[in-house]
>>> print(open('model_23.txt').read())   # compact mmCIF, C-alpha atoms and all ligand atoms
# COMPACT_ATOMS: atom_id res chain seq x y z
CA MET A 271 -19.81 7.55 7.31
CA THR A 272 -19.26 8.97 3.87
CA SER A 273 -20.54 7.44 0.64
CA HIS A 274 -17.49 8.48 -1.32
CA PRO A 275 -17.15 6.32 -4.48
CA GLN A 276 -13.49 5.67 -3.80
CA ILE A 277 -14.05 4.26 -0.33
CA PRO A 278 -14.25 0.44 -0.41
CA THR A 279 -17.60 -1.03 0.67
CA PRO A 280 -17.01 -4.76 1.19
CA ALA A 281 -20.10 -6.77 2.16
CA HIS A 282 -18.79 -7.55 5.64
CA THR A 283 -19.11 -3.88 6.65
CA GLN A 284 -22.90 -4.17 6.27
CA ALA A 285 -23.26 -7.40 8.23
CA ASP A 286 -24.80 -7.28 11.69
CA SER A 287 -22.82 -8.74 14.56
CA MET A 288 -22.34 -8.23 18.27
CA LEU A 289 -19.05 -6.46 17.65
CA SER A 290 -20.44 -4.15 14.98
CA ARG A 291 -23.29 -3.16 17.33
CA GLN A 292 -20.85 -2.51 20.15
CA PHE A 293 -18.05 -0.75 18.28
CA GLY A 294 -19.79 0.54 15.17
CA ARG A 295 -19.21 -0.32 11.55
CA GLU A 296 -15.73 -1.09 10.37
CA THR A 297 -14.02 1.76 8.55
CA VAL A 298 -12.41 0.48 5.34
CA ASN A 299 -9.75 2.78 3.94
CA TYR A 300 -8.65 3.56 0.39
CA PHE A 301 -5.94 1.19 -0.99
CA SER A 302 -7.27 -1.63 1.23
CA SER A 303 -9.90 -4.31 0.71
CA SER A 304 -8.75 -5.70 -2.63
CA PRO A 305 -11.32 -7.61 -4.70
CA LEU A 306 -8.60 -10.19 -5.42
CA ASN A 307 -8.17 -13.39 -3.42
CA ARG A 308 -4.37 -13.56 -3.05
CA LEU A 309 -4.27 -17.36 -2.60
CA SER A 310 -0.77 -17.02 -1.17
CA PHE A 311 -0.44 -20.79 -0.76
CA LEU A 312 -0.52 -21.26 -4.56
CA ARG A 313 2.52 -19.04 -5.21
CA THR A 314 4.92 -21.98 -5.25
CA GLU A 315 2.64 -24.12 -7.43
CA HIS A 316 4.16 -23.48 -10.84
CA SER A 317 1.61 -25.65 -12.66
CA PHE A 318 -1.06 -23.26 -11.35
CA LEU A 319 0.93 -20.14 -12.28
CA SER A 320 1.67 -21.59 -15.72
CA ALA A 321 -2.02 -22.16 -16.37
CA ALA A 322 -2.84 -18.74 -14.93
CA ILE A 323 -0.61 -16.62 -17.20
CA ARG A 324 -1.98 -18.23 -20.35
CA HIS A 325 -5.62 -18.32 -19.35
CA PRO A 326 -7.81 -16.06 -21.55
CA SER A 327 -9.14 -14.29 -18.45
CA ALA A 328 -5.64 -13.42 -17.16
CA ARG A 329 -4.92 -9.70 -16.75
CA PHE A 330 -1.66 -7.83 -16.23
CA VAL A 331 -1.14 -4.51 -14.46
CA LEU A 332 1.85 -2.90 -16.17
CA LEU A 333 4.27 -0.67 -14.27
CA LYS A 334 7.07 1.41 -15.76
CA ASP A 335 9.31 2.97 -13.13
CA LEU A 336 6.37 2.18 -10.82
CA ALA A 337 3.98 4.34 -12.87
CA PRO A 338 0.85 2.31 -13.75
CA LEU A 339 -0.39 1.90 -17.33
CA THR A 340 -3.73 3.68 -17.58
CA LYS A 341 -6.56 4.45 -19.96
CA SER A 342 -7.06 7.73 -18.11
CA PRO A 343 -5.83 9.12 -14.78
CA SER A 344 -8.77 7.38 -13.11
CA GLU A 345 -8.64 4.00 -14.84
CA LEU A 346 -6.02 1.26 -14.94
CA TYR A 347 -5.42 -0.64 -18.14
CA TYR A 348 -5.36 -4.43 -17.74
CA ALA A 349 -3.26 -6.04 -20.46
CA GLN A 350 -3.96 -9.52 -21.81
CA TYR A 351 -1.31 -12.19 -22.14
CA ASN A 352 -0.73 -11.72 -25.88
CA GLU A 353 0.15 -8.07 -25.22
CA VAL A 354 2.95 -8.94 -22.79
CA GLN A 355 4.08 -12.28 -24.21
CA LYS A 356 7.44 -10.82 -25.28
CA LEU A 357 8.28 -10.18 -21.64
CA VAL A 358 6.51 -13.20 -20.17
CA PRO A 359 7.53 -16.33 -22.11
CA GLU A 360 5.03 -19.19 -21.96
CA THR A 361 7.73 -21.29 -20.35
CA VAL A 362 8.32 -18.87 -17.46
CA TYR A 363 6.82 -21.22 -14.87
CA ASP A 364 7.63 -24.54 -16.59
CA LYS A 365 10.34 -25.46 -14.10
CA SER A 366 9.78 -25.85 -10.39
CA GLU A 367 11.05 -23.20 -8.04
CA GLU A 368 13.74 -25.62 -6.82
CA GLU A 369 15.01 -26.21 -10.36
CA THR A 370 14.91 -22.51 -11.16
CA ILE A 371 17.14 -21.77 -8.15
CA LYS A 372 19.49 -24.65 -9.08
CA GLU A 373 19.89 -23.39 -12.65
CA TYR A 374 20.32 -19.74 -11.65
CA ASP A 375 22.37 -17.70 -14.15
CA SER A 376 22.69 -13.99 -13.38
CA ARG A 377 23.19 -13.21 -17.11
CA LYS A 378 19.63 -14.32 -17.85
CA THR A 379 17.39 -11.56 -16.62
CA ALA A 380 13.61 -11.47 -16.69
CA ALA A 381 10.95 -8.84 -16.26
CA GLN A 382 9.61 -8.93 -12.70
CA LEU A 383 6.29 -10.75 -12.64
CA ILE A 384 4.06 -10.86 -9.56
CA PHE A 385 0.94 -12.97 -9.05
CA LEU A 386 -1.61 -10.72 -7.34
CA GLY A 387 -4.54 -13.11 -6.97
CA LEU A 388 -7.80 -14.30 -8.52
CA ASP A 389 -10.78 -12.04 -9.19
CA GLU A 390 -13.44 -14.45 -7.95
CA SER A 391 -16.27 -12.27 -9.23
CA ARG A 392 -15.38 -13.68 -12.64
CA LYS A 393 -16.41 -17.30 -12.20
CA GLN A 394 -17.99 -17.74 -15.64
CA ASP A 395 -14.94 -17.19 -17.81
CA GLY A 396 -12.32 -17.54 -15.08
CA LEU A 397 -9.64 -20.12 -14.54
CA ALA A 398 -10.81 -23.09 -12.45
CA TRP A 399 -8.06 -24.58 -10.28
CA LYS A 400 -9.04 -27.14 -7.66
CA ILE A 401 -11.82 -25.37 -5.74
CA TYR A 402 -10.72 -21.85 -6.76
CA THR A 403 -12.20 -20.05 -9.75
CA GLY A 404 -11.57 -16.56 -11.08
CA ALA A 405 -9.60 -14.32 -13.40
CA PRO A 406 -5.86 -14.37 -12.54
CA PHE A 407 -4.25 -10.96 -12.02
CA PHE A 408 -0.54 -10.26 -12.32
CA ALA A 409 1.72 -7.22 -12.08
CA LEU A 410 4.53 -6.89 -14.61
CA ASP A 411 7.50 -4.52 -14.66
CA VAL A 412 7.92 -3.18 -18.20
CA THR A 413 10.73 -0.76 -17.27
CA PRO A 414 13.48 -1.30 -19.89
CA LYS A 415 16.23 -2.96 -17.82
CA GLY A 416 18.09 -6.24 -17.43
CA ASN A 417 19.94 -7.74 -20.39
CA GLU A 418 19.69 -6.37 -23.91
CA GLU A 419 16.97 -8.78 -25.00
CA GLN A 420 14.79 -7.86 -22.03
CA GLN A 421 15.26 -4.15 -22.66
CA THR A 422 14.31 -4.48 -26.34
CA ASN A 423 11.22 -6.51 -25.46
CA ALA A 424 10.21 -4.01 -22.80
CA LYS A 425 10.50 -1.11 -25.24
CA ASP A 426 8.39 -3.04 -27.78
CA VAL A 427 5.64 -3.58 -25.20
CA ILE A 428 5.77 0.09 -24.13
CA ASN A 429 5.64 1.33 -27.74
CA ALA A 430 2.69 -0.92 -28.59
CA MET A 431 0.78 0.45 -25.60
CA GLY A 432 1.62 4.04 -26.52
CA GLU A 433 0.34 3.48 -30.07
CA ARG A 434 -3.00 2.50 -28.57
CA GLY A 435 -3.26 5.78 -26.70
CA LEU A 436 -2.43 4.31 -23.29
CA SER A 437 0.01 6.02 -20.98
CA PHE A 438 1.93 5.43 -17.76
CA PHE A 439 0.46 7.71 -15.11
CA GLN A 440 3.31 9.62 -13.49
CA ALA A 441 2.45 11.07 -10.11
CA ARG A 442 4.14 11.00 -6.72
CA VAL A 443 0.92 9.69 -5.20
CA VAL A 444 -1.86 8.19 -7.34
CA MET A 445 -5.24 8.49 -5.60
CA THR A 446 -7.62 8.80 -8.53
CA PHE A 447 -8.60 5.15 -9.08
CA SER A 448 -11.81 3.50 -7.96
CA ALA A 449 -11.65 1.62 -4.64
CA ASP A 450 -11.08 -1.78 -6.28
CA GLU A 451 -8.42 -0.56 -8.70
CA ALA A 452 -6.63 1.39 -5.98
CA ALA A 453 -6.25 -1.79 -3.91
CA ILE A 454 -4.96 -3.79 -6.89
CA TYR A 455 -2.54 -1.03 -7.84
CA ALA A 456 -1.36 -0.65 -4.21
CA GLN A 457 -0.48 -4.34 -4.01
CA ALA A 458 1.25 -4.26 -7.42
CA ARG A 459 3.21 -1.11 -6.67
CA ALA A 460 4.29 -2.04 -3.15
CA LEU A 461 5.58 -5.46 -4.21
CA MET A 462 7.25 -4.14 -7.38
CA ASP A 463 9.02 -1.42 -5.44
CA TRP A 464 10.26 -3.94 -2.86
CA ASN A 465 11.56 -6.28 -5.62
CA ASN A 466 13.37 -3.38 -7.30
CA ARG A 467 15.03 -2.32 -4.07
CA ASN A 468 16.17 -5.85 -3.22
CA SER A 469 17.79 -7.07 -6.42
CA PHE A 470 20.99 -7.61 -4.41
CA CYS A 471 21.37 -9.70 -1.26
CA GLY A 472 21.42 -7.56 1.86
CA THR A 473 23.91 -9.95 3.47
CA CYS A 474 26.47 -10.89 0.77
CA GLY A 475 25.80 -8.31 -1.96
CA HIS A 476 25.25 -10.79 -4.81
CA PRO A 477 22.20 -10.65 -7.11
CA THR A 478 19.03 -12.23 -5.75
CA LEU A 479 16.36 -14.23 -7.57
CA SER A 480 12.63 -13.59 -7.42
CA VAL A 481 10.65 -16.59 -6.14
CA ASN A 482 7.15 -17.30 -4.80
CA ALA A 483 5.53 -15.56 -7.78
CA GLY A 484 7.29 -12.30 -7.00
CA THR A 485 6.59 -12.17 -3.27
CA LYS A 486 9.95 -13.39 -1.94
CA ARG A 487 13.58 -13.23 -3.04
CA THR A 488 16.36 -15.72 -2.49
CA CYS A 489 20.17 -15.65 -2.68
CA PRO A 490 20.96 -18.69 -4.91
CA PRO A 491 23.96 -20.82 -3.82
CA THR A 492 25.29 -21.09 -7.38
CA ASP A 493 25.46 -18.85 -10.44
CA ALA A 494 26.20 -20.38 -13.87
CA ALA A 495 27.59 -17.02 -14.99
CA ARG A 496 30.59 -17.57 -12.70
CA ILE A 497 31.72 -20.58 -14.78
CA ALA A 498 32.11 -18.32 -17.83
CA GLY A 499 34.42 -16.16 -15.74
CA GLY A 500 36.59 -19.19 -14.92
CA LYS A 501 35.27 -19.55 -11.40
CA PRO A 502 33.33 -22.38 -9.77
CA ALA A 503 29.53 -22.00 -9.98
CA GLU A 504 29.31 -21.88 -6.18
CA ARG A 505 28.96 -18.37 -4.87
CA PRO A 506 30.73 -17.28 -1.68
CA ALA A 507 29.01 -18.41 1.50
CA CYS A 508 26.05 -16.27 2.53
CA ASN A 509 24.46 -16.29 5.96
CA THR A 510 21.00 -16.24 4.39
CA ARG A 511 21.63 -19.83 3.21
CA THR A 512 22.75 -21.26 6.54
CA THR A 513 19.43 -20.83 8.31
CA LEU A 514 15.92 -22.01 7.61
CA SER A 515 14.78 -18.49 6.68
CA ASN A 516 16.92 -18.29 3.57
CA LEU A 517 14.58 -15.85 1.89
CA SER A 518 13.93 -12.18 2.10
CA PHE A 519 10.35 -11.07 2.55
CA PRO A 520 8.58 -7.88 1.49
CA ARG A 521 8.67 -5.09 4.02
CA THR A 522 5.77 -3.33 5.65
CA ASP A 523 6.69 -0.33 7.78
CA PRO A 524 4.10 0.43 10.44
CA THR A 525 3.29 4.07 11.14
CA ILE A 526 0.78 5.66 13.45
CA ILE A 527 -1.62 8.43 12.54
CA VAL A 528 -3.91 9.97 15.12
CA ALA A 529 -6.80 12.37 15.61
CA VAL A 530 -6.50 13.87 19.10
CA LEU A 531 -9.42 15.15 21.18
CA SER A 532 -9.19 17.70 23.97
CA THR A 533 -10.21 16.85 27.54
CA ASP A 534 -13.72 18.24 26.96
CA ALA A 535 -13.91 16.56 23.50
CA LYS A 536 -14.83 19.93 21.98
CA ARG A 537 -11.57 20.49 20.10
CA VAL A 538 -9.34 18.46 17.77
CA LEU A 539 -5.53 18.73 17.59
CA LEU A 540 -4.22 19.08 14.04
CA GLY A 541 -0.82 19.96 12.64
CA ARG A 542 0.69 21.16 9.39
CA SER A 543 4.03 20.66 7.68
CA LYS A 544 5.75 23.28 5.54
CA ARG A 545 4.85 21.51 2.30
CA TYR A 546 1.09 21.83 2.88
CA PRO A 547 -0.84 24.61 1.10
CA PRO A 548 -2.02 27.54 3.26
CA ASN A 549 -4.70 26.73 5.88
CA TRP A 550 -4.28 23.00 5.24
CA TYR A 551 -3.98 20.87 8.40
CA SER A 552 -3.99 17.15 9.05
CA THR A 553 -3.64 14.58 11.80
CA LEU A 554 -0.26 13.88 13.40
CA ALA A 555 1.69 10.85 12.19
CA GLY A 556 5.01 9.06 12.54
CA PHE A 557 6.87 5.76 12.33
CA ILE A 558 6.48 3.11 15.00
CA GLU A 559 9.92 2.33 16.42
CA PRO A 560 11.28 -1.07 17.46
CA ALA A 561 9.89 -2.24 20.81
CA GLU A 562 7.00 0.23 20.79
CA SER A 563 3.34 -0.63 20.98
CA VAL A 564 0.99 1.26 18.66
CA GLU A 565 -0.29 3.18 21.70
CA ASP A 566 3.26 4.01 22.86
CA ALA A 567 4.12 5.36 19.42
CA VAL A 568 0.96 7.48 19.30
CA ARG A 569 1.73 9.03 22.70
CA ARG A 570 5.41 9.60 21.83
CA GLU A 571 4.75 11.20 18.43
CA VAL A 572 2.07 13.55 19.73
CA TRP A 573 4.29 14.65 22.62
CA GLU A 574 7.40 15.03 20.41
CA GLU A 575 5.66 16.96 17.64
CA ALA A 576 3.14 18.99 19.61
CA GLY A 577 4.10 18.72 23.28
CA VAL A 578 0.65 17.34 24.13
CA THR A 579 0.35 14.46 26.63
CA LEU A 580 -2.28 11.85 25.80
CA SER A 581 -4.23 9.46 27.96
CA ARG A 582 -6.47 6.90 26.26
CA VAL A 583 -5.57 5.77 22.73
CA ILE A 584 -7.94 3.60 20.71
CA ILE A 585 -7.01 1.94 17.44
CA HIS A 586 -9.62 2.89 14.86
CA SER A 587 -8.74 1.54 11.40
CA SER A 588 -5.72 1.14 9.16
CA GLN A 589 -4.62 2.00 5.64
CA PRO A 590 -1.97 0.39 3.46
CA TRP A 591 0.07 3.17 1.87
CA PRO A 592 2.18 1.92 -1.05
CA TYR A 593 4.63 4.85 -1.08
CA PRO A 594 6.59 2.72 -0.58
CA ALA A 595 5.61 0.23 2.12
CA ASN A 596 3.74 1.77 4.98
CA LEU A 597 0.83 0.48 6.96
CA MET A 598 -0.82 3.44 8.60
CA ILE A 599 -2.43 2.43 11.86
CA GLY A 600 -5.10 4.99 12.61
CA ALA A 601 -6.00 5.95 16.15
CA VAL A 602 -8.21 8.35 18.05
CA ALA A 603 -6.79 9.62 21.31
CA GLN A 604 -7.76 11.99 24.08
CA VAL A 605 -6.09 14.22 26.64
CA SER A 606 -7.34 13.67 30.20
CA ASP A 607 -6.14 16.90 31.84
CA PRO A 608 -6.45 20.45 30.39
CA ALA A 609 -2.92 21.11 31.67
CA HIS A 610 -1.68 18.50 29.16
CA GLU A 611 -3.19 20.35 26.18
CA THR A 612 -0.52 23.06 25.97
CA ILE A 613 1.14 22.96 22.56
CA ASN A 614 4.93 23.00 22.39
CA LEU A 615 6.59 22.74 18.98
CA SER A 616 10.14 23.03 20.26
CA HIS A 617 10.90 19.35 21.00
CA ASP A 618 10.92 18.10 17.41
CA PRO A 619 10.75 20.81 14.72
CA GLU A 620 8.90 18.53 12.28
CA LEU A 621 5.67 20.55 12.24
CA GLU A 622 5.35 24.15 11.12
CA ASP A 623 2.28 24.54 13.31
CA ALA A 624 -0.09 22.57 15.53
CA LYS A 625 -3.39 23.91 16.77
CA TRP A 626 -6.58 22.96 18.59
CA PHE A 627 -9.61 23.45 16.32
CA ASP A 628 -13.18 23.68 17.57
CA VAL A 629 -15.30 20.72 16.47
CA GLU A 630 -17.68 23.14 14.64
CA GLU A 631 -14.81 24.52 12.57
CA VAL A 632 -13.64 21.00 11.74
CA GLN A 633 -17.17 19.97 10.74
CA GLU A 634 -17.40 22.97 8.44
CA ALA A 635 -14.00 22.15 6.92
CA LEU A 636 -15.10 18.53 6.31
CA ARG A 637 -18.09 19.96 4.44
CA VAL A 638 -16.41 22.63 2.30
CA GLY A 639 -12.63 22.46 2.69
CA ILE A 640 -11.49 18.95 1.76
CA SER A 641 -9.27 18.20 -1.21
CA ALA A 642 -6.24 16.20 -2.27
CA LEU A 643 -2.95 17.94 -1.50
CA GLY A 644 -2.41 19.38 -4.98
CA GLU A 645 -6.01 20.44 -5.59
CA GLY A 646 -8.15 23.41 -4.64
CA PRO A 647 -11.00 23.21 -2.10
CA GLY A 648 -14.70 23.05 -3.05
CA PRO A 649 -16.79 25.98 -4.34
CA GLU A 650 -18.29 26.78 -0.92
CA TYR A 651 -14.89 27.18 0.72
CA LYS A 652 -14.21 30.67 2.10
CA GLU A 653 -10.63 31.95 1.91
CA GLY A 654 -8.81 31.58 5.21
CA GLY A 655 -10.97 28.67 6.39
CA LEU A 656 -9.55 25.37 7.56
CA ARG A 657 -8.67 22.86 4.82
CA LEU A 658 -8.45 19.10 5.38
CA PRO A 659 -7.42 15.89 3.52
CA PRO A 660 -9.96 14.02 1.34
CA PRO A 661 -11.88 10.84 2.38
CA THR A 662 -9.31 8.67 0.56
CA ALA A 663 -6.82 9.66 3.28
CA ILE A 664 -7.19 7.87 6.61
CA ALA A 665 -6.61 11.27 8.29
CA ASN A 666 -10.05 12.36 7.08
CA GLN A 667 -11.70 9.19 8.44
CA LEU A 668 -10.00 9.62 11.81
CA ILE A 669 -11.05 13.26 12.13
CA ARG A 670 -14.63 12.22 11.32
CA ALA A 671 -14.49 9.46 13.91
CA ALA A 672 -13.02 11.78 16.56
CA ILE A 673 -15.81 14.31 16.23
CA ASN A 674 -18.50 11.65 16.04
CA ILE A 675 -19.97 12.18 19.50
CA ASP A 676 -21.70 8.80 19.42
CA LEU A 677 -18.34 7.05 19.58
CA LEU A 678 -17.62 8.79 22.88
CA ALA A 679 -21.13 8.82 24.29
CA GLU A 680 -21.27 8.06 27.99
CA ASP A 681 -23.61 5.04 27.67
CA LYS A 682 -21.51 3.45 24.97
CA ALA A 683 -18.25 4.00 26.79
CA SER A 684 -19.61 2.40 29.94
CA LYS A 685 -20.44 -0.78 28.02
CA MET A 686 -16.88 -1.22 26.76
ZN ZN A 701 23.52 -13.55 -0.08
>>> encode(input="model_23.txt", output="structure tokens", more="lines below")
Ligand SMILES: [Zn+2]
Amino acid sequence: MTSHPQIPTPAHTQADSMLSRQFGRETVNYFSSSPLNRLSFLRTEHSFLSAAIRHPSARFVLLKDLAPLTKSPSELYYAQYNEVQKLVPETVYDKSEEETIKEYDSRKTAAQLIFLGLDESRKQDGLAWKIYTGAPFFALDVTPKGNEEQQTNAKDVINAMGERGLSFFQARVVMTFSADEAAIYAQARALMDWNNRNSFCGTCGHPTLSVNAGTKRTCPPTDAARIAGGKPAERPACNTRTTLSNLSFPRTDPTIIVAVLSTDAKRVLLGRSKRYPPNWYSTLAGFIEPAESVEDAVRREVWEEAGVTLSRVIIHSSQPWPYPANLMIGAVAQVSDPAHETINLSHDPELEDAKWFDVEEVQEALRVGISALGEGPGPEYKEGGLRLPPPTAIANQLIRAAINIDLLAEDKASKM
């Protein structure tokens, strides 16, 4: 196990238990293991949310076109309430969710606000609510959009932040934050992206309303804006209102990612796509399809992309991937017959190449050849050598697990 500073190290991974002795320590991946307690059951309690936004310990993660506001590329900036007040009126949670839906008016737009949870490590100066104490964390969309007033307020907030030397970190994939900040950012980004993509009802096409502190959206039955247009406030019937589940929920798309071992466990199957830099390989991955188990999807993807037939598949660990809504379910798998190891790239032309690498070569690459996709390898790397993803990618953790002989040791396997 690596001691990379970006890999989360929650206390439970150090605790001794029968399961940890049998199966080894839990692997915790980057973007997971948030320090915030989400307290999902408080999301409809507007008196709590109202107290939370105004509490001196409250902090806001600001996103503009999903780019996070940062002090530097490795550090988020957490705004205080007075810095975002223009976009988050004190009265935002004054009315109950029921009343808010009843009074819905599509002309009145508001910056998307999401309650992320309480940082319970801050008990001293935190908000105390019933038995829960901590600093409330929110995500706020400061992208200039919505009605004119909202746009002006958003620009004011953005300009004020710019004047203080802060900037929105634009990158396709941000993987430079500490473990804690990465998890907070992942939650903020994934939920903000989902809200942005679902501003209209998927069933009737009318605008939706954010509810549950930004974690659900509803299709309100009435819209006061219709009265101004000479129509009744009632909107056309929508199927989402005729059933009990009259809400839309954030999406999580499960994908599999797998490190594959040869029959003799002396080689690892890796593949590369055209967009990778030279000599850069990674584990195989793909979406889980409807009515597929994780193990089915692993076997299908590896056969489709590389022509290799797998036997045993074990689920190893998982990684939330907020670009935009994936949950990568990591597995280690093995081929049981050398005849099944033959690589065939002609089924699905997704990969440019797939190859079996000797464990020694992989070990060397883990030592000298790891880097993020856009960066160069370490100083000891020799040109032409294998390059692999960094520890913040679950692919790296899976490759490490696959070549960890202890995991596959005869005595351990027989106990399972
Ligand atoms: Zn609808």
>>> residues_near_ligand(input="model_23.txt", ligand="ligand ZN 701 (chain A)", cutoff="10 Å", atoms="all atoms listed in the file", output="PDB file with C-alpha atoms, in the frame of the given file")
ATOM      1  CA  PHE A 470      20.990  -7.610  -4.410  1.00  0.00           C
ATOM      2  CA  CYS A 471      21.370  -9.700  -1.260  1.00  0.00           C
ATOM      3  CA  GLY A 472      21.420  -7.560   1.860  1.00  0.00           C
ATOM      4  CA  THR A 473      23.910  -9.950   3.470  1.00  0.00           C
ATOM      5  CA  CYS A 474      26.470 -10.890   0.770  1.00  0.00           C
ATOM      6  CA  GLY A 475      25.800  -8.310  -1.960  1.00  0.00           C
ATOM      7  CA  HIS A 476      25.250 -10.790  -4.810  1.00  0.00           C
ATOM      8  CA  PRO A 477      22.200 -10.650  -7.110  1.00  0.00           C
ATOM      9  CA  THR A 478      19.030 -12.230  -5.750  1.00  0.00           C
ATOM     10  CA  THR A 488      16.360 -15.720  -2.490  1.00  0.00           C
ATOM     11  CA  CYS A 489      20.170 -15.650  -2.680  1.00  0.00           C
ATOM     12  CA  PRO A 490      20.960 -18.690  -4.910  1.00  0.00           C
ATOM     13  CA  PRO A 491      23.960 -20.820  -3.820  1.00  0.00           C
ATOM     14  CA  ARG A 505      28.960 -18.370  -4.870  1.00  0.00           C
ATOM     15  CA  PRO A 506      30.730 -17.280  -1.680  1.00  0.00           C
ATOM     16  CA  ALA A 507      29.010 -18.410   1.500  1.00  0.00           C
ATOM     17  CA  CYS A 508      26.050 -16.270   2.530  1.00  0.00           C
ATOM     18  CA  ASN A 509      24.460 -16.290   5.960  1.00  0.00           C
ATOM     19  CA  THR A 510      21.000 -16.240   4.390  1.00  0.00           C
ATOM     20  CA  ARG A 511      21.630 -19.830   3.210  1.00  0.00           C
ATOM     21  CA  ASN A 516      16.920 -18.290   3.570  1.00  0.00           C
ATOM     22  CA  LEU A 517      14.580 -15.850   1.890  1.00  0.00           C
ATOM     23  CA  SER A 518      13.930 -12.180   2.100  1.00  0.00           C
TER      24      SER A 518
END
>>> residues_around(input="model_23.txt", residues="Pro326 of chain A", least_positions_apart="3", cutoff="9 Å", atoms="all atoms listed in the file", output="list in words")
Ala322, Ile323, Arg329, Gln350, Tyr351, Asp395, Gly396, Leu397 and Ala405 of chain A
>>> residues_around(input="model_23.txt", residues="Thr446 of chain A", least_positions_apart="5", cutoff="12 Å", atoms="only C-alpha atoms", output="ChimeraX atom specification")
/A:275-277,300-301,338,340,342-346,439,441,451-453,455,642,660-663
>>> residues_around(input="model_23.txt", residues="segment 655-657 of chain A", least_positions_apart="4", cutoff="9 Å", atoms="only C-alpha atoms", output="VMD selection string")
chain A and resid 547 to 552 627 631 to 632 634 to 636 638 to 641 647 651
>>> atom_distance(input="model_23.txt", atom1="atom CA of Pro608 of chain A", atom2="atom CA of Ser543 of chain A")
25.0 Å
>>> closest_residue(input="model_23.txt", among="A:Lys652, A:Lys625, A:Arg392, A:Lys415", to="Lys378 of chain A", atoms="only C-alpha atoms")
A:Lys415
>>> atom_distance(input="model_23.txt", atom1="atom CA of Lys341 of chain A", atom2="atom CA of Gly432 of chain A")
10.5 Å
>>> closest_residue(input="model_23.txt", among="A:Ser587, A:Asn307, A:Ser581, A:Thr533", to="Leu388 of chain A", atoms="all atoms listed in the file")
A:Asn307
>>> residues_near_point(input="model_23.txt", point="(22.3, -21.7, -14.4)", cutoff="7 Å", atoms="only C-alpha atoms", output="list in words")
Lys372, Glu373, Tyr374, Asp375, Asp493 and Ala494 of chain A
>>> closest_residue(input="model_23.txt", among="A:Thr492, A:Asn417, A:Ser391, A:Ser366", to="Gly404 of chain A", atoms="only C-alpha atoms")
A:Ser391
>>> atom_distance(input="model_23.txt", atom1="atom CA of Pro502 of chain A", atom2="atom CA of Ser376 of chain A")
14.0 Å
>>> closest_residue(input="model_23.txt", among="A:Ala495, A:Val444, A:Leu554, A:Leu386", to="Met598 of chain A", atoms="all atoms listed in the file")
A:Leu554
